[in-house]
Every structure is written in C-alpha cells, then in structure tokens.
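Participant: Below is a structure I'd like to ask you about.
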Amino acid sequence: MNKVRAGAAEAVADICNGASLAVGGFGLSGVPEVLIRALYEQGTHALQVVSNNCGVDGRGLGILLAAGRIARVTGSYVGENKEFARQYLGGELEVELTPQGTLAERLRAGGAGIPAFYTPAGVGTQVARGGLPWRYAPDGTVAVASAPKETRDFGDRTYVLEHGITTDFALVRAWRGDHHGNLVFRRAAANFNPLAAMAGRITVAEVEELVEPGALRPDDIHLPGIYVQRVVALTSDQAGDKPVERLTLSATSTRGTVRP
C-alpha cells in the first residue's frame, strides 16, 4: 500500500518514448513541474500529451515542447505559448483541439470506464462536421484533419458522440497526499488534476505535503488512492515554486500606494 517513491526520476523512469500522458494543471496552476522536469532530464520523446494547454514558454509542458519531445497534443487552449503555436502552424506538431468541457468529460469518462458519451458542445461546427486541422503541411495546407463524428437527436436537440480518454500514464500535482495515494487539491489546482489522474493507467502524483495514512479525513479527500500508483513528496523549495503567469495589480489606492 505504500506508494511513495524515492524521487521524481524513479517515479517516471518507465515512461518510454511514444507514451501517452494525461497531465494536470491549467496555465501554471497545479502543474506537476517536478515530474515534467524529471521526464525532460531522462530524455523521453515522441510523447502524446493530453492536457488543457501545453504550458508556457519555459515552464510546465513548455519545457518538453521546446525540446521537441512532444509529438501530439490533445487540448483545448493554446494560450500564451508562442512555441506551441509555432510548432502547430509549422507542421511540426499534431494538435487535436477540443472544447474545454468536453475534454474534461472525456478524461473523467475514460477513468470511469465509459467508452463514449453524447454532448451538445460542438454541434454545427467543425468539431462535429470534421475538417479541423490536426496537422499542417510545411506549405501551410492541412495535412491531417479531423473526421466527422456521429451525431444523434435526443428530444428536440442534436448531440455529438465523443470518446473517453485513457492514457498510459498521468502526471498530477496535489496539495496534500498520504502514503496510500489519497490526494487533496487546493483551490485552482483542483482543475484538471483529478480528471487526468483518473484517465491514467499508471498515475504519478507529486505532493506538496506528504502525511501518514489516516491523517486525511475521508470527507476531505478529493481523489481516492485507487487512482494513484506512485507518490513523490516535494521539498519545501519545490512546493513553494509557484510562478504567476500574469501579475495583475490593483488600481492606485486613495493613499497613493499600489496594492498587489
């Protein structure tokens, strides 16, 4: 039952070239930075990543992307990552863009053993009709496009069939976790982390605070340990490394000072 590993390098050592990964986080919140860095340092490449976005330049999945280690991304948001956009538009990277809510449900469905489900999101668009560019050719034409999806009417509304997602591995970050893999996520870090963890056949969690079994109240656990196979305890420096993607300051106060 003790799922704790000695370090991140040991925890990701068997992630091989070409593996599929579900990765938690949104922007820079709740991103498993330490596990991603360990994967980068071991040199794994041709990865097929499922994540809301692909990090930013120099952080998160952006590190693997800049090194040419990612072959395919299933996500919903390009965001501030200029290298992501460059590789996609330049034909170096295959990208399956998916509505954000649909992506979340595809991960949850895969983890729950549900092969497919119907959703109204994307009906009447290329999401359902097909033709979304997955990969561009060097001359800017579409080399690989999405296929049409099955649709069906329920009542007076049309829905499109989406498939659940399962991956070889999942990398997630939690606020607290115990030796059995039970996890608690804090605030915005509870974004895609629980869903990514469900979708991975082998899930590796980096935790900011590792506690003994029984220290977490059952009602406080967001993800039960049945979904987690490996746990890595972060150092205080690693746990405190939380960059801000966009620092926004409030307007000048009446005293002439600026409050963060």
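Letters A, B, ... mark the chains of the structure tokens in the order given; residue numbers begin at 1 per chain; ligand numbers begin at 1, in order shown.
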Step one, run DSSP on the backbone; step two, keep only residues of stretch 117-220 of chain A assigned to strand (DSSP E or B); then write them as a PyMOL selection string.

Facilitator: chain A and resi 117-119+133-136+142-145+151-154+157-163+167-178+183-184+200-211

Participant: Considering only C-alpha atoms, give me a table of residues in stretch 146-208 of chain A that are at most 12 Å from stretch 229-246 of chain A, with the closest atom pair and distance in Å for each, as CSV.

Facilitator:
residue,atom,partner,partner_atom,distance
A:Phe169,CA,A:Gln229,CA,10.0
A:Ala170,CA,A:Gln229,CA,9.9
A:Leu171,CA,A:Arg230,CA,9.8
A:Val172,CA,A:Val231,CA,9.8
A:Arg173,CA,A:Val232,CA,9.5
A:Ala174,CA,A:Val231,CA,9.9
A:Trp175,CA,A:Ala239,CA,8.7
A:Arg176,CA,A:Ala233,CA,9.3
A:Gly177,CA,A:Val231,CA,7.9
A:Asp178,CA,A:Val231,CA,8.2
A:His179,CA,A:Val231,CA,7.2
A:His180,CA,A:Val231,CA,8.3
A:Gly181,CA,A:Val231,CA,6.3
A:Asn182,CA,A:Val231,CA,9.5
A:Leu183,CA,A:Val231,CA,9.7
A:Ala189,CA,A:Lys242,CA,11.1
A:Ala197,CA,A:Gln229,CA,9.8
A:Met198,CA,A:Gln229,CA,11.0
A:Gly200,CA,A:Gln229,CA,9.7
A:Arg201,CA,A:Gln229,CA,8.8
A:Ile202,CA,A:Gln229,CA,5.9
A:Thr203,CA,A:Gln229,CA,5.4
A:Val204,CA,A:Arg230,CA,4.7
A:Ala205,CA,A:Val231,CA,4.9
A:Glu206,CA,A:Val232,CA,4.6
A:Val207,CA,A:Ala233,CA,5.2
A:Glu208,CA,A:Ala239,CA,5.0

Participant: Any chance you could export the current selection's N, CA and C atoms as a PDB file, in the first residue's frame?

Facilitator:
ATOM      1  N   PHE A 169       0.066   6.875 -18.889  1.00  0.00           N
ATOM      2  CA  PHE A 169       0.458   7.451 -17.613  1.00  0.00           C
ATOM      3  C   PHE A 169      -0.296   8.758 -17.389  1.00  0.00           C
ATOM      4  N   ALA A 170      -0.328   9.198 -16.137  1.00  0.00           N
ATOM      5  CA  ALA A 170      -0.835  10.522 -15.798  1.00  0.00           C
ATOM      6  C   ALA A 170       0.118  11.156 -14.798  1.00  0.00           C
ATOM      7  N   LEU A 171       0.354  12.452 -14.952  1.00  0.00           N
ATOM      8  CA  LEU A 171       1.187  13.222 -14.031  1.00  0.00           C
ATOM      9  C   LEU A 171       0.327  14.314 -13.423  1.00  0.00           C
ATOM     10  N   VAL A 172       0.261  14.369 -12.101  1.00  0.00           N
ATOM     11  CA  VAL A 172      -0.580  15.355 -11.434  1.00  0.00           C
ATOM     12  C   VAL A 172       0.157  15.946 -10.240  1.00  0.00           C
ATOM     13  N   ARG A 173      -0.388  17.069  -9.745  1.00  0.00           N
ATOM     14  CA  ARG A 173       0.166  17.728  -8.551  1.00  0.00           C
ATOM     15  C   ARG A 173      -0.953  17.945  -7.543  1.00  0.00           C
ATOM     16  N   ALA A 174      -0.681  17.594  -6.284  1.00  0.00           N
ATOM     17  CA  ALA A 174      -1.664  17.743  -5.219  1.00  0.00           C
ATOM     18  C   ALA A 174      -1.085  18.558  -4.073  1.00  0.00           C
ATOM     19  N   TRP A 175      -1.960  19.146  -3.289  1.00  0.00           N
ATOM     20  CA  TRP A 175      -1.554  19.919  -2.123  1.00  0.00           C
ATOM     21  C   TRP A 175      -1.097  18.988  -1.005  1.00  0.00           C
ATOM     22  N   ARG A 176      -1.920  17.989  -0.710  1.00  0.00           N
ATOM     23  CA  ARG A 176      -1.592  17.014   0.324  1.00  0.00           C
ATOM     24  C   ARG A 176      -1.861  15.615  -0.209  1.00  0.00           C
ATOM     25  N   GLY A 177      -1.117  14.650   0.295  1.00  0.00           N
ATOM     26  CA  GLY A 177      -1.337  13.263  -0.094  1.00  0.00           C
ATOM     27  C   GLY A 177      -0.764  12.348   0.966  1.00  0.00           C
ATOM     28  N   ASP A 178      -1.283  11.133   1.034  1.00  0.00           N
ATOM     29  CA  ASP A 178      -0.731  10.183   2.005  1.00  0.00           C
ATOM     30  C   ASP A 178      -0.026   9.037   1.287  1.00  0.00           C
ATOM     31  N   HIS A 179       0.511   8.124   2.051  1.00  0.00           N
ATOM     32  CA  HIS A 179       1.306   7.020   1.504  1.00  0.00           C
ATOM     33  C   HIS A 179       0.463   6.075   0.643  1.00  0.00           C
ATOM     34  N   HIS A 180      -0.835   6.106   0.813  1.00  0.00           N
ATOM     35  CA  HIS A 180      -1.721   5.242   0.029  1.00  0.00           C
ATOM     36  C   HIS A 180      -2.175   5.891  -1.280  1.00  0.00           C
ATOM     37  N   GLY A 181      -1.782   7.138  -1.508  1.00  0.00           N
ATOM     38  CA  GLY A 181      -2.140   7.814  -2.748  1.00  0.00           C
ATOM     39  C   GLY A 181      -3.411   8.629  -2.690  1.00  0.00           C
ATOM     40  N   ASN A 182      -4.038   8.743  -1.528  1.00  0.00           N
ATOM     41  CA  ASN A 182      -5.200   9.618  -1.393  1.00  0.00           C
ATOM     42  C   ASN A 182      -4.743  11.070  -1.512  1.00  0.00           C
ATOM     43  N   LEU A 183      -5.454  11.871  -2.305  1.00  0.00           N
ATOM     44  CA  LEU A 183      -4.987  13.220  -2.620  1.00  0.00           C
ATOM     45  C   LEU A 183      -6.017  14.288  -2.281  1.00  0.00           C
ATOM     46  N   ALA A 189      -5.861  24.513  -8.191  1.00  0.00           N
ATOM     47  CA  ALA A 189      -5.125  23.316  -8.595  1.00  0.00           C
ATOM     48  C   ALA A 189      -6.032  22.102  -8.736  1.00  0.00           C
ATOM     49  N   ALA A 197      -5.756  12.318 -13.410  1.00  0.00           N
ATOM     50  CA  ALA A 197      -5.369  11.171 -12.585  1.00  0.00           C
ATOM     51  C   ALA A 197      -6.259   9.966 -12.849  1.00  0.00           C
ATOM     52  N   MET A 198      -7.550  10.201 -13.050  1.00  0.00           N
ATOM     53  CA  MET A 198      -8.473   9.109 -13.331  1.00  0.00           C
ATOM     54  C   MET A 198      -8.160   8.441 -14.658  1.00  0.00           C
ATOM     55  N   GLY A 200      -5.289   8.081 -16.315  1.00  0.00           N
ATOM     56  CA  GLY A 200      -4.024   7.378 -16.489  1.00  0.00           C
ATOM     57  C   GLY A 200      -4.077   5.944 -15.976  1.00  0.00           C
ATOM     58  N   ARG A 201      -3.517   5.022 -16.745  1.00  0.00           N
ATOM     59  CA  ARG A 201      -3.421   3.635 -16.269  1.00  0.00           C
ATOM     60  C   ARG A 201      -2.431   3.549 -15.102  1.00  0.00           C
ATOM     61  N   ILE A 202      -1.362   4.346 -15.177  1.00  0.00           N
ATOM     62  CA  ILE A 202      -0.430   4.493 -14.061  1.00  0.00           C
ATOM     63  C   ILE A 202      -0.341   5.989 -13.766  1.00  0.00           C
ATOM     64  N   THR A 203      -0.770   6.375 -12.576  1.00  0.00           N
ATOM     65  CA  THR A 203      -0.798   7.789 -12.209  1.00  0.00           C
ATOM     66  C   THR A 203       0.275   8.087 -11.181  1.00  0.00           C
ATOM     67  N   VAL A 204       1.053   9.131 -11.473  1.00  0.00           N
ATOM     68  CA  VAL A 204       2.127   9.576 -10.586  1.00  0.00           C
ATOM     69  C   VAL A 204       1.745  10.952 -10.054  1.00  0.00           C
ATOM     70  N   ALA A 205       1.731  11.099  -8.739  1.00  0.00           N
ATOM     71  CA  ALA A 205       1.352  12.360  -8.112  1.00  0.00           C
ATOM     72  C   ALA A 205       2.519  12.946  -7.335  1.00  0.00           C
ATOM     73  N   GLU A 206       2.830  14.206  -7.613  1.00  0.00           N
ATOM     74  CA  GLU A 206       3.763  14.926  -6.757  1.00  0.00           C
ATOM     75  C   GLU A 206       2.931  15.704  -5.737  1.00  0.00           C
ATOM     76  N   VAL A 207       3.306  15.614  -4.458  1.00  0.00           N
ATOM     77  CA  VAL A 207       2.501  16.232  -3.401  1.00  0.00           C
ATOM     78  C   VAL A 207       3.348  17.229  -2.618  1.00  0.00           C
ATOM     79  N   GLU A 208       2.741  18.360  -2.307  1.00  0.00           N
ATOM     80  CA  GLU A 208       3.446  19.399  -1.573  1.00  0.00           C
ATOM     81  C   GLU A 208       3.637  19.021  -0.107  1.00  0.00           C
TER      82      GLU A 208
END

Participant: Hey, what's within 10 Å of A:Thr44 if we count only C-alpha atoms and toss same-chain stuff fewer than 2 positions away? As a PDB file with N, CA and C atoms, in the first residue's frame, please?

Facilitator:
ATOM      1  N   VAL A  12       9.194   8.303 -12.783  1.00  0.00           N
ATOM      2  CA  VAL A  12       8.884   8.410 -14.216  1.00  0.00           C
ATOM      3  C   VAL A  12       9.824   7.568 -15.071  1.00  0.00           C
ATOM      4  N   ALA A  13      10.677   6.758 -14.464  1.00  0.00           N
ATOM      5  CA  ALA A  13      11.732   6.052 -15.196  1.00  0.00           C
ATOM      6  C   ALA A  13      11.201   5.137 -16.289  1.00  0.00           C
ATOM      7  N   ASP A  14       9.997   4.570 -16.110  1.00  0.00           N
ATOM      8  CA  ASP A  14       9.478   3.628 -17.109  1.00  0.00           C
ATOM      9  C   ASP A  14       8.548   4.284 -18.124  1.00  0.00           C
ATOM     10  N   ILE A  15       8.468   5.612 -18.136  1.00  0.00           N
ATOM     11  CA  ILE A  15       7.704   6.295 -19.186  1.00  0.00           C
ATOM     12  C   ILE A  15       8.569   6.296 -20.437  1.00  0.00           C
ATOM     13  N   CYS A  16       8.182   5.517 -21.417  1.00  0.00           N
ATOM     14  CA  CYS A  16       9.035   5.280 -22.585  1.00  0.00           C
ATOM     15  C   CYS A  16       8.697   6.235 -23.727  1.00  0.00           C
ATOM     16  N   ASN A  17       9.537   6.229 -24.736  1.00  0.00           N
ATOM     17  CA  ASN A  17       9.293   7.038 -25.922  1.00  0.00           C
ATOM     18  C   ASN A  17       7.956   6.650 -26.554  1.00  0.00           C
ATOM     19  N   GLY A  18       7.183   7.649 -26.944  1.00  0.00           N
ATOM     20  CA  GLY A  18       5.898   7.403 -27.587  1.00  0.00           C
ATOM     21  C   GLY A  18       4.741   7.177 -26.633  1.00  0.00           C
ATOM     22  N   ALA A  19       4.992   7.254 -25.335  1.00  0.00           N
ATOM     23  CA  ALA A  19       3.931   7.015 -24.359  1.00  0.00           C
ATOM     24  C   ALA A  19       2.899   8.141 -24.408  1.00  0.00           C
ATOM     25  N   ALA A  38      11.690  15.960 -14.514  1.00  0.00           N
ATOM     26  CA  ALA A  38      12.361  14.654 -14.457  1.00  0.00           C
ATOM     27  C   ALA A  38      12.213  13.917 -15.780  1.00  0.00           C
ATOM     28  N   LEU A  39      11.053  14.040 -16.408  1.00  0.00           N
ATOM     29  CA  LEU A  39      10.822  13.404 -17.699  1.00  0.00           C
ATOM     30  C   LEU A  39      11.699  14.041 -18.769  1.00  0.00           C
ATOM     31  N   TYR A  40      11.856  15.345 -18.697  1.00  0.00           N
ATOM     32  CA  TYR A  40      12.738  16.057 -19.620  1.00  0.00           C
ATOM     33  C   TYR A  40      14.183  15.590 -19.451  1.00  0.00           C
ATOM     34  N   GLU A  41      14.632  15.484 -18.215  1.00  0.00           N
ATOM     35  CA  GLU A  41      16.024  15.126 -17.954  1.00  0.00           C
ATOM     36  C   GLU A  41      16.345  13.700 -18.362  1.00  0.00           C
ATOM     37  N   GLN A  42      15.338  12.820 -18.377  1.00  0.00           N
ATOM     38  CA  GLN A  42      15.625  11.438 -18.785  1.00  0.00           C
ATOM     39  C   GLN A  42      15.583  11.281 -20.307  1.00  0.00           C
ATOM     40  N   ALA A  46       8.766  11.872 -28.341  1.00  0.00           N
ATOM     41  CA  ALA A  46       7.611  11.402 -29.117  1.00  0.00           C
ATOM     42  C   ALA A  46       6.385  11.184 -28.217  1.00  0.00           C
ATOM     43  N   LEU A  47       6.235  12.017 -27.212  1.00  0.00           N
ATOM     44  CA  LEU A  47       5.140  11.870 -26.256  1.00  0.00           C
ATOM     45  C   LEU A  47       3.818  12.343 -26.850  1.00  0.00           C
ATOM     46  N   LEU A  64       9.142  20.486 -22.320  1.00  0.00           N
ATOM     47  CA  LEU A  64       9.202  19.335 -23.225  1.00  0.00           C
ATOM     48  C   LEU A  64       8.921  19.763 -24.667  1.00  0.00           C
ATOM     49  N   ARG A  69      10.118  17.207 -27.698  1.00  0.00           N
ATOM     50  CA  ARG A  69       9.825  15.894 -27.117  1.00  0.00           C
ATOM     51  C   ARG A  69       8.360  15.483 -27.266  1.00  0.00           C
ATOM     52  N   ILE A  70       7.496  16.406 -27.688  1.00  0.00           N
ATOM     53  CA  ILE A  70       6.064  16.116 -27.785  1.00  0.00           C
ATOM     54  C   ILE A  70       5.671  15.993 -29.256  1.00  0.00           C
TER      55      ILE A  70
END

Participant: For the atom pair atom CA of A:Leu61 and atom CA of A:Arg187, what is the interatomic distance in Å to one decimal place?

Facilitator: 21.0 Å

Participant: Excluding same-chain residues fewer than 2 positions from A:Gly124, what lies within 12 Å of it counting only C-alpha atoms, as a VMD selection string?

Facilitator: chain A and resid 120 to 122 126 to 130 148 to 149 151 157 to 160

Participant: Counting only C-alpha atoms, which residue out of A:Arg37, A:Arg5, A:Arg72, A:Arg59 sits closest to A:Ser20?

Facilitator: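 Closest residue, counting only C-alpha atoms: A:Arg72.
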
Participant: Rounded to one decimal, what separation in Å do you get between atom CA of A:Asp153 and atom CA of A:Ser76?

Facilitator: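 For atom CA of A:Asp153 relative to atom CA of A:Ser76, the distance reads 25.3 Å.
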